[in-house]
Structure formats: structure tokens, C-alpha cells
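Okay, coords09.cif now, which holds mmCIF, C-alpha atoms:
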```
data_target
#
loop_
_atom_site.group_PDB
_atom_site.id
_atom_site.type_symbol
_atom_site.label_atom_id
_atom_site.label_comp_id
_atom_site.auth_asym_id
_atom_site.auth_seq_id
_atom_site.Cartn_x
_atom_site.Cartn_y
_atom_site.Cartn_z
ATOM 1 C CA ALA I 1 103.900 -14.669 94.773
ATOM 2 C CA PHE I 2 105.952 -13.805 91.716
ATOM 3 C CA VAL I 3 105.862 -17.412 90.529
ATOM 4 C CA ALA I 4 102.103 -17.557 91.084
ATOM 5 C CA ALA I 5 101.601 -14.351 89.118
ATOM 6 C CA VAL I 6 103.719 -15.657 86.254
ATOM 7 C CA SER I 7 101.748 -18.895 86.300
ATOM 8 C CA ARG I 8 98.411 -17.044 86.166
ATOM 9 C CA PHE I 9 99.680 -14.860 83.314
ATOM 10 C CA SER I 10 100.863 -17.941 81.418
ATOM 11 C CA LEU I 11 97.502 -19.668 81.825
ATOM 12 C CA MET I 12 95.652 -16.514 80.735
ATOM 13 C CA THR I 13 97.904 -16.169 77.671
ATOM 14 C CA GLU I 14 97.369 -19.805 76.728
ATOM 15 C CA SER I 15 93.585 -19.361 77.064
ATOM 16 C CA ILE I 16 93.562 -16.253 74.864
ATOM 17 C CA TYR I 17 95.779 -17.983 72.293
ATOM 18 C CA ALA I 18 93.500 -21.044 72.258
ATOM 19 C CA GLU I 19 90.454 -18.824 71.696
ATOM 20 C CA GLU I 20 92.209 -17.048 68.806
ATOM 21 C CA ILE I 21 93.058 -20.401 67.214
ATOM 22 C CA GLN I 22 89.417 -21.530 67.537
ATOM 23 C CA VAL I 23 88.168 -18.306 65.933
ATOM 24 C CA LYS I 24 90.628 -18.693 63.037
ATOM 25 C CA ILE I 25 89.608 -22.306 62.477
ATOM 26 C CA LYS I 26 85.883 -21.395 62.508
ATOM 27 C CA SER I 27 86.521 -18.547 60.074
ATOM 28 C CA MET I 28 88.447 -20.832 57.729
ATOM 29 C CA PHE I 29 85.667 -23.424 57.643
ATOM 30 C CA SER I 30 83.047 -20.705 57.135
ATOM 31 C CA LEU I 31 84.873 -19.344 54.096
ATOM 32 C CA VAL I 32 85.522 -22.774 52.617
ATOM 33 C CA GLY I 33 81.942 -23.856 53.089
ATOM 34 C CA ALA I 34 80.466 -20.664 51.696
ATOM 35 C CA ALA I 35 82.218 -21.036 48.376
ATOM 36 C CA LEU I 36 81.617 -24.748 48.051
ATOM 37 C CA VAL I 37 77.919 -24.457 48.799
ATOM 38 C CA LEU I 38 77.632 -21.924 45.989
ATOM 39 C CA PHE I 39 78.298 -24.748 43.550
ATOM 40 C CA VAL I 40 76.033 -27.167 45.368
ATOM 41 C CA SER I 41 73.149 -24.710 45.212
ATOM 42 C CA GLN I 42 73.400 -24.604 41.441
ATOM 43 C CA ALA I 43 72.079 -28.220 41.377
ATOM 44 C CA SER I 44 73.660 -31.513 40.410
ATOM 45 C CA LEU I 45 77.197 -31.172 39.098
ATOM 46 C CA ALA I 46 77.352 -34.760 37.927
ATOM 47 C CA ASP I 47 76.593 -33.833 34.336
ATOM 48 C CA GLU I 48 77.815 -30.257 34.143
ATOM 49 C CA PHE I 49 81.337 -31.151 35.250
ATOM 50 C CA SER I 50 81.459 -34.737 34.008
ATOM 51 C CA ALA I 51 84.320 -36.202 32.024
ATOM 52 C CA SER I 52 83.789 -37.971 28.706
ATOM 53 C CA THR I 53 83.042 -41.211 30.582
ATOM 54 C CA GLY I 54 80.111 -39.633 32.405
ATOM 55 C CA LYS I 55 82.099 -39.645 35.664
ATOM 56 C CA ARG I 56 84.659 -37.235 37.050
ATOM 57 C CA PRO I 57 87.984 -38.110 38.677
ATOM 58 C CA PHE I 58 89.121 -36.079 41.646
ATOM 59 C CA THR I 59 89.162 -32.395 40.689
ATOM 60 C CA ALA I 60 90.588 -29.631 42.876
ATOM 61 C CA GLY I 61 91.213 -25.944 42.408
ATOM 62 C CA LEU I 62 90.961 -22.457 43.799
ATOM 63 C CA GLY I 63 88.414 -19.670 43.468
ATOM 64 C CA ILE I 64 87.684 -16.128 44.580
ATOM 65 C CA LEU I 65 84.373 -15.773 46.389
ATOM 66 C CA TYR I 66 82.332 -12.588 46.777
ATOM 67 C CA ALA I 67 79.383 -12.778 49.178
ATOM 68 C CA ASP I 68 77.484 -9.630 50.134
ATOM 69 C CA LYS I 69 75.477 -10.817 53.148
ATOM 70 C CA PRO I 70 72.385 -8.784 54.075
ATOM 71 C CA TYR I 71 73.359 -7.917 57.657
ATOM 72 C CA ARG I 72 73.508 -4.266 58.720
ATOM 73 C CA ASP I 73 76.901 -2.609 58.229
ATOM 74 C CA PHE I 74 78.398 -5.893 57.033
ATOM 75 C CA ASP I 75 82.166 -5.352 56.854
ATOM 76 C CA SER I 76 83.410 -4.995 53.266
ATOM 77 C CA ASP I 77 86.614 -6.835 54.245
ATOM 78 C CA GLU I 78 84.515 -9.954 54.899
ATOM 79 C CA LYS I 79 82.902 -10.004 51.456
ATOM 80 C CA SER I 80 85.804 -11.461 49.422
ATOM 81 C CA SER I 81 88.014 -14.466 50.085
ATOM 82 C CA LEU I 82 90.059 -17.227 48.474
ATOM 83 C CA VAL I 83 88.370 -20.632 48.613
ATOM 84 C CA PRO I 84 88.990 -24.164 47.299
ATOM 85 C CA VAL I 85 86.931 -26.038 44.692
ATOM 86 C CA ILE I 86 86.574 -29.822 45.088
ATOM 87 C CA LEU I 87 84.649 -32.216 42.817
ATOM 88 C CA TYR I 88 84.459 -35.993 42.441
ATOM 89 C CA GLU I 89 81.915 -38.203 40.716
ATOM 90 C CA GLY I 90 82.063 -41.983 41.143
ATOM 91 C CA GLU I 91 79.682 -44.814 40.373
ATOM 92 C CA SER I 92 77.528 -44.006 43.405
ATOM 93 C CA PHE I 93 79.504 -41.789 45.775
ATOM 94 C CA PHE I 94 80.058 -38.133 44.899
ATOM 95 C CA VAL I 95 81.588 -34.946 46.283
ATOM 96 C CA ARG I 96 80.100 -31.805 44.757
ATOM 97 C CA GLY I 97 81.667 -28.878 46.511
ATOM 98 C CA GLY I 98 80.201 -28.713 50.017
ATOM 99 C CA SER I 99 77.936 -31.686 49.399
ATOM 100 C CA ILE I 100 78.615 -35.402 49.677
ATOM 101 C CA GLY I 101 76.149 -38.065 48.700
ATOM 102 C CA TRP I 102 75.258 -41.549 47.578
ATOM 103 C CA LYS I 103 73.126 -42.157 44.492
ATOM 104 C CA PHE I 104 70.494 -44.859 44.916
ATOM 105 C CA ILE I 105 68.903 -44.218 41.515
ATOM 106 C CA GLU I 106 70.620 -42.922 38.386
ATOM 107 C CA SER I 107 68.734 -43.831 35.234
ATOM 108 C CA ASN I 108 67.249 -42.063 32.194
ATOM 109 C CA GLY I 109 68.001 -38.608 33.550
ATOM 110 C CA LEU I 110 66.619 -39.367 37.013
ATOM 111 C CA GLU I 111 68.810 -39.190 40.112
ATOM 112 C CA PHE I 112 67.772 -39.900 43.683
ATOM 113 C CA ALA I 113 70.444 -39.536 46.361
ATOM 114 C CA ALA I 114 70.989 -39.242 50.090
ATOM 115 C CA VAL I 115 73.077 -36.135 50.747
ATOM 116 C CA GLY I 116 74.990 -34.299 53.413
ATOM 117 C CA GLU I 117 75.579 -30.581 52.926
ATOM 118 C CA TYR I 118 77.603 -27.821 54.520
ATOM 119 C CA LEU I 119 75.164 -25.005 55.364
ATOM 120 C CA ALA I 120 77.187 -21.815 55.038
ATOM 121 C CA ASP I 121 74.817 -19.234 56.514
ATOM 122 C CA GLY I 122 75.810 -17.309 59.612
ATOM 123 C CA TYR I 123 78.111 -14.602 60.910
ATOM 124 C CA GLU I 124 80.508 -13.628 63.670
ATOM 125 C CA GLU I 125 79.741 -10.609 65.802
ATOM 126 C CA GLY I 126 82.911 -8.938 64.550
ATOM 127 C CA ASP I 127 81.595 -8.949 60.968
ATOM 128 C CA SER I 128 79.608 -5.784 61.718
ATOM 129 C CA ASP I 129 79.571 -3.087 64.390
ATOM 130 C CA TYR I 130 75.796 -3.509 64.519
ATOM 131 C CA LEU I 131 76.221 -7.176 65.491
ATOM 132 C CA ARG I 132 78.378 -6.412 68.530
ATOM 133 C CA GLY I 133 76.956 -8.202 71.543
ATOM 134 C CA MET I 134 75.265 -10.883 69.431
ATOM 135 C CA ASP I 135 76.251 -14.522 69.770
ATOM 136 C CA ASP I 136 77.993 -15.904 66.679
ATOM 137 C CA ARG I 137 75.706 -17.820 64.325
ATOM 138 C CA ASP I 138 77.714 -20.809 63.159
ATOM 139 C CA PRO I 139 77.589 -22.544 59.780
ATOM 140 C CA SER I 140 76.242 -26.052 60.095
ATOM 141 C CA PHE I 141 75.770 -29.423 58.395
ATOM 142 C CA GLY I 142 72.520 -30.732 56.963
ATOM 143 C CA ALA I 143 71.422 -34.239 56.022
ATOM 144 C CA GLY I 144 68.626 -35.193 53.668
ATOM 145 C CA ALA I 145 67.952 -36.172 50.078
ATOM 146 C CA HIS I 146 67.470 -34.772 46.594
ATOM 147 C CA VAL I 147 65.732 -35.757 43.394
ATOM 148 C CA ILE I 148 66.965 -34.497 40.014
ATOM 149 C CA PHE I 149 65.167 -35.044 36.725
ATOM 150 C CA ASN I 150 67.282 -34.031 33.741
ATOM 151 C CA PRO I 151 66.364 -36.046 30.635
ATOM 152 C CA ASP I 152 67.568 -33.341 28.257
ATOM 153 C CA ALA I 153 68.704 -29.718 28.422
ATOM 154 C CA LEU I 154 65.827 -28.731 30.728
ATOM 155 C CA GLY I 155 65.959 -30.122 34.229
ATOM 156 C CA PHE I 156 64.324 -29.949 37.650
ATOM 157 C CA LYS I 157 65.626 -30.462 41.172
ATOM 158 C CA LEU I 158 63.994 -30.813 44.591
ATOM 159 C CA ALA I 159 66.150 -31.097 47.732
ATOM 160 C CA ALA I 160 65.414 -31.189 51.458
ATOM 161 C CA VAL I 161 67.948 -31.089 54.309
ATOM 162 C CA THR I 162 67.777 -30.698 58.084
ATOM 163 C CA ASP I 163 70.497 -29.324 60.346
ATOM 164 C CA VAL I 164 71.996 -32.287 62.208
ATOM 165 C CA ALA I 165 74.861 -30.382 63.868
ATOM 166 C CA ASP I 166 72.619 -28.911 66.593
ATOM 167 C CA ASN I 167 73.021 -25.271 65.567
ATOM 168 C CA SER I 168 69.750 -24.015 64.112
ATOM 169 C CA ASP I 169 67.985 -27.411 64.177
ATOM 170 C CA GLY I 170 66.103 -26.016 61.169
ATOM 171 C CA SER I 171 65.357 -27.251 57.677
ATOM 172 C CA GLN I 172 65.544 -26.138 54.054
ATOM 173 C CA VAL I 173 63.523 -27.278 51.052
ATOM 174 C CA ARG I 174 64.863 -26.082 47.692
ATOM 175 C CA GLY I 175 63.294 -26.430 44.271
ATOM 176 C CA GLU I 176 64.568 -25.178 40.948
ATOM 177 C CA VAL I 177 64.316 -25.442 37.204
ATOM 178 C CA PHE I 178 67.498 -25.167 35.156
ATOM 179 C CA TYR I 179 68.607 -25.233 31.547
ATOM 180 C CA LYS I 180 71.962 -26.516 30.283
ATOM 181 C CA TYR I 181 73.354 -25.087 27.078
ATOM 182 C CA ARG I 182 76.530 -26.472 25.540
ATOM 183 C CA THR I 183 78.505 -24.909 22.740
ATOM 184 C CA GLY I 184 82.008 -26.049 21.896
ATOM 185 C CA ASP I 185 84.026 -26.277 25.104
ATOM 186 C CA TRP I 186 81.553 -24.118 27.040
ATOM 187 C CA MET I 187 78.682 -25.122 29.296
ATOM 188 C CA LEU I 188 76.189 -22.470 30.470
ATOM 189 C CA ARG I 189 73.518 -23.224 33.050
ATOM 190 C CA PRO I 190 70.961 -20.601 34.167
ATOM 191 C CA SER I 191 68.463 -21.530 36.891
ATOM 192 C CA ALA I 192 65.533 -20.176 38.887
ATOM 193 C CA GLY I 193 63.908 -21.516 42.014
ATOM 194 C CA PHE I 194 62.779 -21.126 45.617
ATOM 195 C CA VAL I 195 64.223 -21.850 49.061
ATOM 196 C CA TRP I 196 61.821 -22.551 51.924
ATOM 197 C CA GLN I 197 63.421 -22.165 55.371
ATOM 198 C CA SER I 198 61.797 -23.293 58.603
ATOM 199 C CA ASP I 199 61.162 -20.993 61.561
ATOM 200 C CA ASP I 200 64.046 -22.527 63.522
ATOM 201 C CA TYR I 201 66.422 -21.904 60.618
ATOM 202 C CA ASN I 202 65.352 -18.293 60.066
ATOM 203 C CA ASP I 203 65.206 -17.486 63.759
ATOM 204 C CA TYR I 204 68.727 -18.790 64.391
ATOM 205 C CA TYR I 205 70.383 -16.823 61.578
ATOM 206 C CA TYR I 206 68.198 -13.692 61.567
ATOM 207 C CA GLY I 207 66.542 -13.521 64.978
ATOM 208 C CA VAL I 208 67.525 -11.446 68.009
ATOM 209 C CA THR I 209 67.108 -13.000 71.468
ATOM 210 C CA ASN I 210 65.965 -11.008 74.497
ATOM 211 C CA SER I 211 69.483 -11.084 75.941
ATOM 212 C CA GLU I 212 70.893 -9.679 72.665
ATOM 213 C CA ALA I 213 68.390 -6.835 72.392
ATOM 214 C CA ARG I 214 69.780 -3.302 72.636
ATOM 215 C CA PRO I 215 68.420 0.196 71.953
ATOM 216 C CA GLY I 216 67.985 0.258 68.178
ATOM 217 C CA ARG I 217 68.166 -3.553 68.025
ATOM 218 C CA PRO I 218 64.924 -4.958 69.431
ATOM 219 C CA ALA I 219 64.274 -8.632 70.088
ATOM 220 C CA TYR I 220 62.968 -10.441 67.026
ATOM 221 C CA SER I 221 61.707 -13.945 66.330
ATOM 222 C CA ALA I 222 61.436 -15.103 62.714
ATOM 223 C CA ASP I 223 58.935 -17.587 61.291
ATOM 224 C CA ASP I 224 59.305 -19.852 58.280
ATOM 225 C CA ASP I 225 59.309 -18.195 54.863
ATOM 226 C CA ILE I 226 60.211 -18.604 51.196
ATOM 227 C CA ASN I 227 63.127 -16.927 49.410
ATOM 228 C CA TYR I 228 63.526 -16.775 45.635
ATOM 229 C CA ARG I 229 66.735 -17.514 43.783
ATOM 230 C CA LEU I 230 68.253 -16.875 40.358
ATOM 231 C CA GLY I 231 71.573 -18.399 39.380
ATOM 232 C CA ALA I 232 73.974 -19.076 36.544
ATOM 233 C CA VAL I 233 77.076 -21.214 36.092
ATOM 234 C CA ALA I 234 79.587 -21.067 33.240
ATOM 235 C CA VAL I 235 82.280 -23.702 32.721
ATOM 236 C CA TYR I 236 85.028 -23.877 30.143
ATOM 237 C CA GLN I 237 87.077 -27.061 29.664
ATOM 238 C CA GLN I 238 88.584 -28.491 26.516
ATOM 239 C CA LYS I 239 87.958 -32.203 26.050
ATOM 240 C CA THR I 240 91.682 -32.977 25.986
ATOM 241 C CA SER I 241 92.650 -30.638 28.822
ATOM 242 C CA PRO I 242 92.592 -31.351 32.577
ATOM 243 C CA TRP I 243 92.142 -27.646 33.313
ATOM 244 C CA MET I 244 88.697 -26.252 34.050
ATOM 245 C CA PHE I 245 87.718 -22.592 34.351
ATOM 246 C CA LEU I 246 84.438 -21.734 36.001
ATOM 247 C CA ALA I 247 82.293 -18.879 37.227
ATOM 248 C CA GLY I 248 79.073 -18.792 39.222
ATOM 249 C CA LEU I 249 76.545 -16.132 40.110
ATOM 250 C CA ARG I 250 73.622 -16.353 42.530
ATOM 251 C CA TYR I 251 71.020 -13.752 43.421
ATOM 252 C CA ASP I 252 68.701 -14.359 46.393
ATOM 253 C CA ILE I 253 65.567 -12.341 47.152
ATOM 254 C CA PHE I 254 64.572 -12.780 50.777
ATOM 255 C CA GLY I 255 61.087 -13.222 52.168
ATOM 256 C CA ASP I 256 59.492 -10.855 54.682
ATOM 257 C CA GLU I 257 60.636 -12.840 57.732
ATOM 258 C CA ILE I 258 64.278 -12.116 56.889
ATOM 259 C CA GLN I 259 63.685 -8.608 55.538
ATOM 260 C CA ASP I 260 61.875 -7.581 58.746
ATOM 261 C CA SER I 261 64.773 -8.607 60.999
ATOM 262 C CA PRO I 262 66.395 -5.627 62.774
ATOM 263 C CA ILE I 263 69.876 -6.984 61.986
ATOM 264 C CA VAL I 264 69.142 -7.067 58.233
ATOM 265 C CA GLU I 265 69.327 -3.999 55.978
ATOM 266 C CA GLU I 266 69.154 -5.585 52.508
ATOM 267 C CA ASP I 267 66.300 -7.566 50.991
ATOM 268 C CA ASP I 268 68.608 -9.505 48.688
ATOM 269 C CA GLN I 269 72.054 -11.072 48.494
ATOM 270 C CA LEU I 270 74.532 -11.409 45.649
ATOM 271 C CA THR I 271 77.080 -14.227 45.654
ATOM 272 C CA ALA I 272 79.670 -14.716 42.934
ATOM 273 C CA VAL I 273 82.738 -16.870 42.381
ATOM 274 C CA ILE I 274 85.362 -17.288 39.667
ATOM 275 C CA GLY I 275 88.087 -19.901 39.691
ATOM 276 C CA PHE I 276 89.945 -22.780 38.113
ATOM 277 C CA ALA I 277 90.433 -26.458 38.863
ATOM 278 C CA TYR I 278 92.580 -29.382 37.724
ATOM 279 C CA THR I 279 91.209 -32.851 36.960
ATOM 280 C CA PHE I 280 93.675 -35.512 38.061
ATOM 281 C CA GLY I 281 94.048 -38.557 35.872
ATOM 282 C CA LYS I 282 92.450 -37.020 32.798
#
```

Now that the file is in, can you turn its structure into C-alpha cells?
Amino acid sequence: AFVAAVSRFSLMTESIYAEEIQVKIKSMFSLVGAALVLFVSQASLADEFSASTGKRPFTAGLGILYADKPYRDFDSDEKSSLVPVILYEGESFFVRGGSIGWKFIESNGLEFAAVGEYLADGYEEGDSDYLRGMDDRDPSFGAGAHVIFNPDALGFKLAAVTDVADNSDGSQVRGEVFYKYRTGDWMLRPSAGFVWQSDDYNDYYYGVTNSEARPGRPAYSADDDINYRLGAVAVYQQKTSPWMFLAGLRYDIFGDEIQDSPIVEEDDQLTAVIGFAYTFGK
């Protein structure tokens, strides 16, 4: 009986340990993806972070991310984290933060590419006391395409991706206009645009199922809606130096479908990052 009890305790301990490892791994990928997608959302990095050849060798670095998600009582300890920065620009293949892609057209300021993107939305129930009893909403991976037209300083981008990791099964369509200003070793890039999210996408990340409903947290089903976005990126890199210093800021204004969710208390979200990176082979 003693041996059996020890065996059951060992199996229970191993199960708990395995669950803790899974939670830590999911948290790590969530943090990494959140920061990397910040850069992706600022539009094509092919030109902004390009080397003198028009391409960029492998570039890696570290940043500090601040993301104030709109969920009720969102834990302040979850708002800041250290995250990596990864960039690469080849003839056709590219890695731009949380996005990978293949350019089919790149000519006269026009780029058409198939892309895969890390979708960093979501939360764990432990991120807020108000979310206790909710199922975790996992980050996901989307596949789609984008078109960028950037003949001069003023540019436009339209992108569409669909969740292919079987989490939300939803879609995003993003459009923006941006302006690139260069002075000396600085590049500044403000932008403004919209983000349409399908009903499946909004309902997964902001809805409340019947089984999750509690007093003060009623069931809620979200429809598709449009959010509005303002952003800015600043990059400093001397032409002869492999070191890059960068900062990004994004401000999202949510549509009514997100604002009306009982698990949401803010109608906007601020995301910011500051960091550095090293270009290998430069």
C-alpha cells in the first residue's frame, strides 16, 4: 500500500510538473510573439531596416515590451517583458519579426507576398482576477498575403490573414497609410490605418461562453468589427555600424464589439517597445 501511494504521488507530481512546463512554454511564446508582431504591424520592414544593398543580413537583438491589454483588472506584472527582435531580408524570403514570407513581386515600390504571421492576441486566466474561470485564449498563427505600394516616402499597405492553427479560426484585414522620413542616421515612420476582425476572431478573444458566465460576467458573443490604429517607428543606425537602436509605439482604438465585452474595461490599447539589435556580416 505504501509503494502504491508513493507511486500515485510520483505520478501526480510528474503531471503537475508537466503542466507547469507547458504553461511556462506557452507564456514564453506569447511574450515573444507579442513583441515581434508589434514590428510586423508597422508594415513592411524591408526598406525601413534595409542595409545599403537593399537587403538585410540576419539581425537579432533584445527589446523591452509594454502592452496594456484592455481586459478588466489586467495584472500590471503582465504588462512589461523582455523580448527578442529578429529580422532578415533576402532576395525573396524574409523574416520580419513575427512574420515570415515570400515575395512574388518586388518592383518599382510594389511588393506582393505570401505571408505567415504570429497572432499575439489572447490571455491566460491568471492574467486577471476577473478572468478566473475562463478558458485561456491562445495566440495563434495566420496565413495570407499582403500588398505594399511604396514608390516614395508615402506608402500604403493592405494585408489579410486567416488563423490556420485552429484557435479562433478567424480572420484579419489590415490597411494603412504610412510616411517614411529619413534624416542623417535616423528613420521615422508614422502610420494610420484600420484593422477589420471577423466575428470568429472577436468572439474567441473577447467573448464569454455560457459555461464561463458568472454573476457580473454574463455570456457574450462578439460580431465582426473595425478597430483603428495609429503607430510610429523610430530607428537609428549609422551606415558603418552593425548596431541598430529602435523604438515603436502603437495605439489601437477598439470597435463597439470589443468595447461591449464584459471582460473588457478599456476602449483602447497602448503597445510600446524599445530595444537594440546587431546586424551580422555588416

Once the PyMOL selection byres ((chain I and resi 94) around 10) is applied to the coordinates I shared, what remains selected? I want it as a short mmCIF file (atom, residue, chain, number, x, y, z; two decimals) with C-alpha atoms, in the coordinates of the input.
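What ended up in part-v6.cif:
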```cif
data_model
loop_
_atom_site.label_atom_id
_atom_site.label_comp_id
_atom_site.auth_asym_id
_atom_site.auth_seq_id
_atom_site.Cartn_x
_atom_site.Cartn_y
_atom_site.Cartn_z
CA LEU I 45 77.20 -31.17 39.10
CA ALA I 46 77.35 -34.76 37.93
CA LYS I 55 82.10 -39.65 35.66
CA ARG I 56 84.66 -37.24 37.05
CA PHE I 58 89.12 -36.08 41.65
CA LEU I 87 84.65 -32.22 42.82
CA TYR I 88 84.46 -35.99 42.44
CA GLU I 89 81.92 -38.20 40.72
CA GLY I 90 82.06 -41.98 41.14
CA GLU I 91 79.68 -44.81 40.37
CA SER I 92 77.53 -44.01 43.40
CA PHE I 93 79.50 -41.79 45.78
CA VAL I 95 81.59 -34.95 46.28
CA ARG I 96 80.10 -31.80 44.76
CA GLY I 97 81.67 -28.88 46.51
CA SER I 99 77.94 -31.69 49.40
CA ILE I 100 78.61 -35.40 49.68
CA GLY I 101 76.15 -38.06 48.70
CA TRP I 102 75.26 -41.55 47.58
CA LYS I 103 73.13 -42.16 44.49
CA ALA I 113 70.44 -39.54 46.36
CA VAL I 115 73.08 -36.14 50.75
#
```

Measuring between only C-alpha atoms, which one of I:Arg174, I:Arg72, I:Lys239, I:Arg182 shows the shortest distance to Asn227 of chain I?
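Using only C-alpha atoms, Asn227 of chain I sits closest to I:Arg174.
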
Using all atoms listed in the file, find the one residue out of I:Ala159, I:Val233, I:Ala213, I:Leu65 that sits nearest to Glu78 of chain I.
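Ranking I:Ala159, I:Val233, I:Ala213, I:Leu65 by distance to Glu78 of chain I, first place goes to I:Leu65.
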
Take the PyMOL selection byres ((chain I and resi 196) around 10), run it mentally on this structure, and tell me the resulting residues as a compact mmCIF listing (two decimals) with C-alpha atoms, in the frame of the given file.
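Output (selection33.txt):
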```
# COMPACT_ATOMS: atom_id res chain seq x y z
CA ALA I 160 65.41 -31.19 51.46
CA SER I 171 65.36 -27.25 57.68
CA GLN I 172 65.54 -26.14 54.05
CA VAL I 173 63.52 -27.28 51.05
CA ARG I 174 64.86 -26.08 47.69
CA GLY I 175 63.29 -26.43 44.27
CA PHE I 194 62.78 -21.13 45.62
CA VAL I 195 64.22 -21.85 49.06
CA GLN I 197 63.42 -22.16 55.37
CA SER I 198 61.80 -23.29 58.60
CA ASP I 199 61.16 -20.99 61.56
CA TYR I 201 66.42 -21.90 60.62
CA ASN I 202 65.35 -18.29 60.07
CA ASP I 224 59.30 -19.85 58.28
CA ASP I 225 59.31 -18.20 54.86
CA ILE I 226 60.21 -18.60 51.20
CA ASN I 227 63.13 -16.93 49.41
CA TYR I 228 63.53 -16.77 45.64
CA GLY I 255 61.09 -13.22 52.17
```

Expand the PyMOL selection byres ((chain I and resi 80) around 10) into the explicit residue set it covers here, and present it as a ChimeraX atom specification.
/I:31,64-68,76-79,81-83,271-273

Same residues, C-alpha atoms, output as an mmCIF file, in the frame of the given file:
```
data_model
loop_
_atom_site.group_PDB
_atom_site.id
_atom_site.type_symbol
_atom_site.label_atom_id
_atom_site.label_comp_id
_atom_site.auth_asym_id
_atom_site.auth_seq_id
_atom_site.Cartn_x
_atom_site.Cartn_y
_atom_site.Cartn_z
ATOM 1 C CA LEU I 31 84.873 -19.344 54.096
ATOM 2 C CA ILE I 64 87.684 -16.128 44.580
ATOM 3 C CA LEU I 65 84.373 -15.773 46.389
ATOM 4 C CA TYR I 66 82.332 -12.588 46.777
ATOM 5 C CA ALA I 67 79.383 -12.778 49.178
ATOM 6 C CA ASP I 68 77.484 -9.630 50.134
ATOM 7 C CA SER I 76 83.410 -4.995 53.266
ATOM 8 C CA ASP I 77 86.614 -6.835 54.245
ATOM 9 C CA GLU I 78 84.515 -9.954 54.899
ATOM 10 C CA LYS I 79 82.902 -10.004 51.456
ATOM 11 C CA SER I 81 88.014 -14.466 50.085
ATOM 12 C CA LEU I 82 90.059 -17.227 48.474
ATOM 13 C CA VAL I 83 88.370 -20.632 48.613
ATOM 14 C CA THR I 271 77.080 -14.227 45.654
ATOM 15 C CA ALA I 272 79.670 -14.716 42.934
ATOM 16 C CA VAL I 273 82.738 -16.870 42.381
#
```

Residue nearest Met187 of chain I - candidates I:Leu119, I:Phe245, I:Glu125, I:Asp267, atoms counted: only C-alpha atoms:
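Checking each of I:Leu119, I:Phe245, I:Glu125, I:Asp267 against Met187 of chain I, counting only C-alpha atoms, the winner is I:Phe245.
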
Counting all atoms listed in the file, what is within 10 Å of segment 126-141 of chain I, bar same-chain residues fewer than 3 positions away, as number ranges by chain?
I: 26-27, 29-31, 33-34, 71-79, 98-99, 116-123, 161-169, 204-206, 208-209, 211-214, 216-217, 262-264

Between atom CA of Gly231 of chain I and atom CA of Ile148 of chain I - distance in Å to one decimal
16.8 Å

Work out where the centre of an axis-aligned box around every listed atom of segment 153-162 of chain I lies and how long its edges are once 8 Å is added on each side; give both in Å to one decimal as lines of an AutoDock Vina configuration file.
```
center_x = 66.3
center_y = -30.0
center_z = 43.3
size_x = 20.7
size_y = 18.5
size_z = 45.7
```
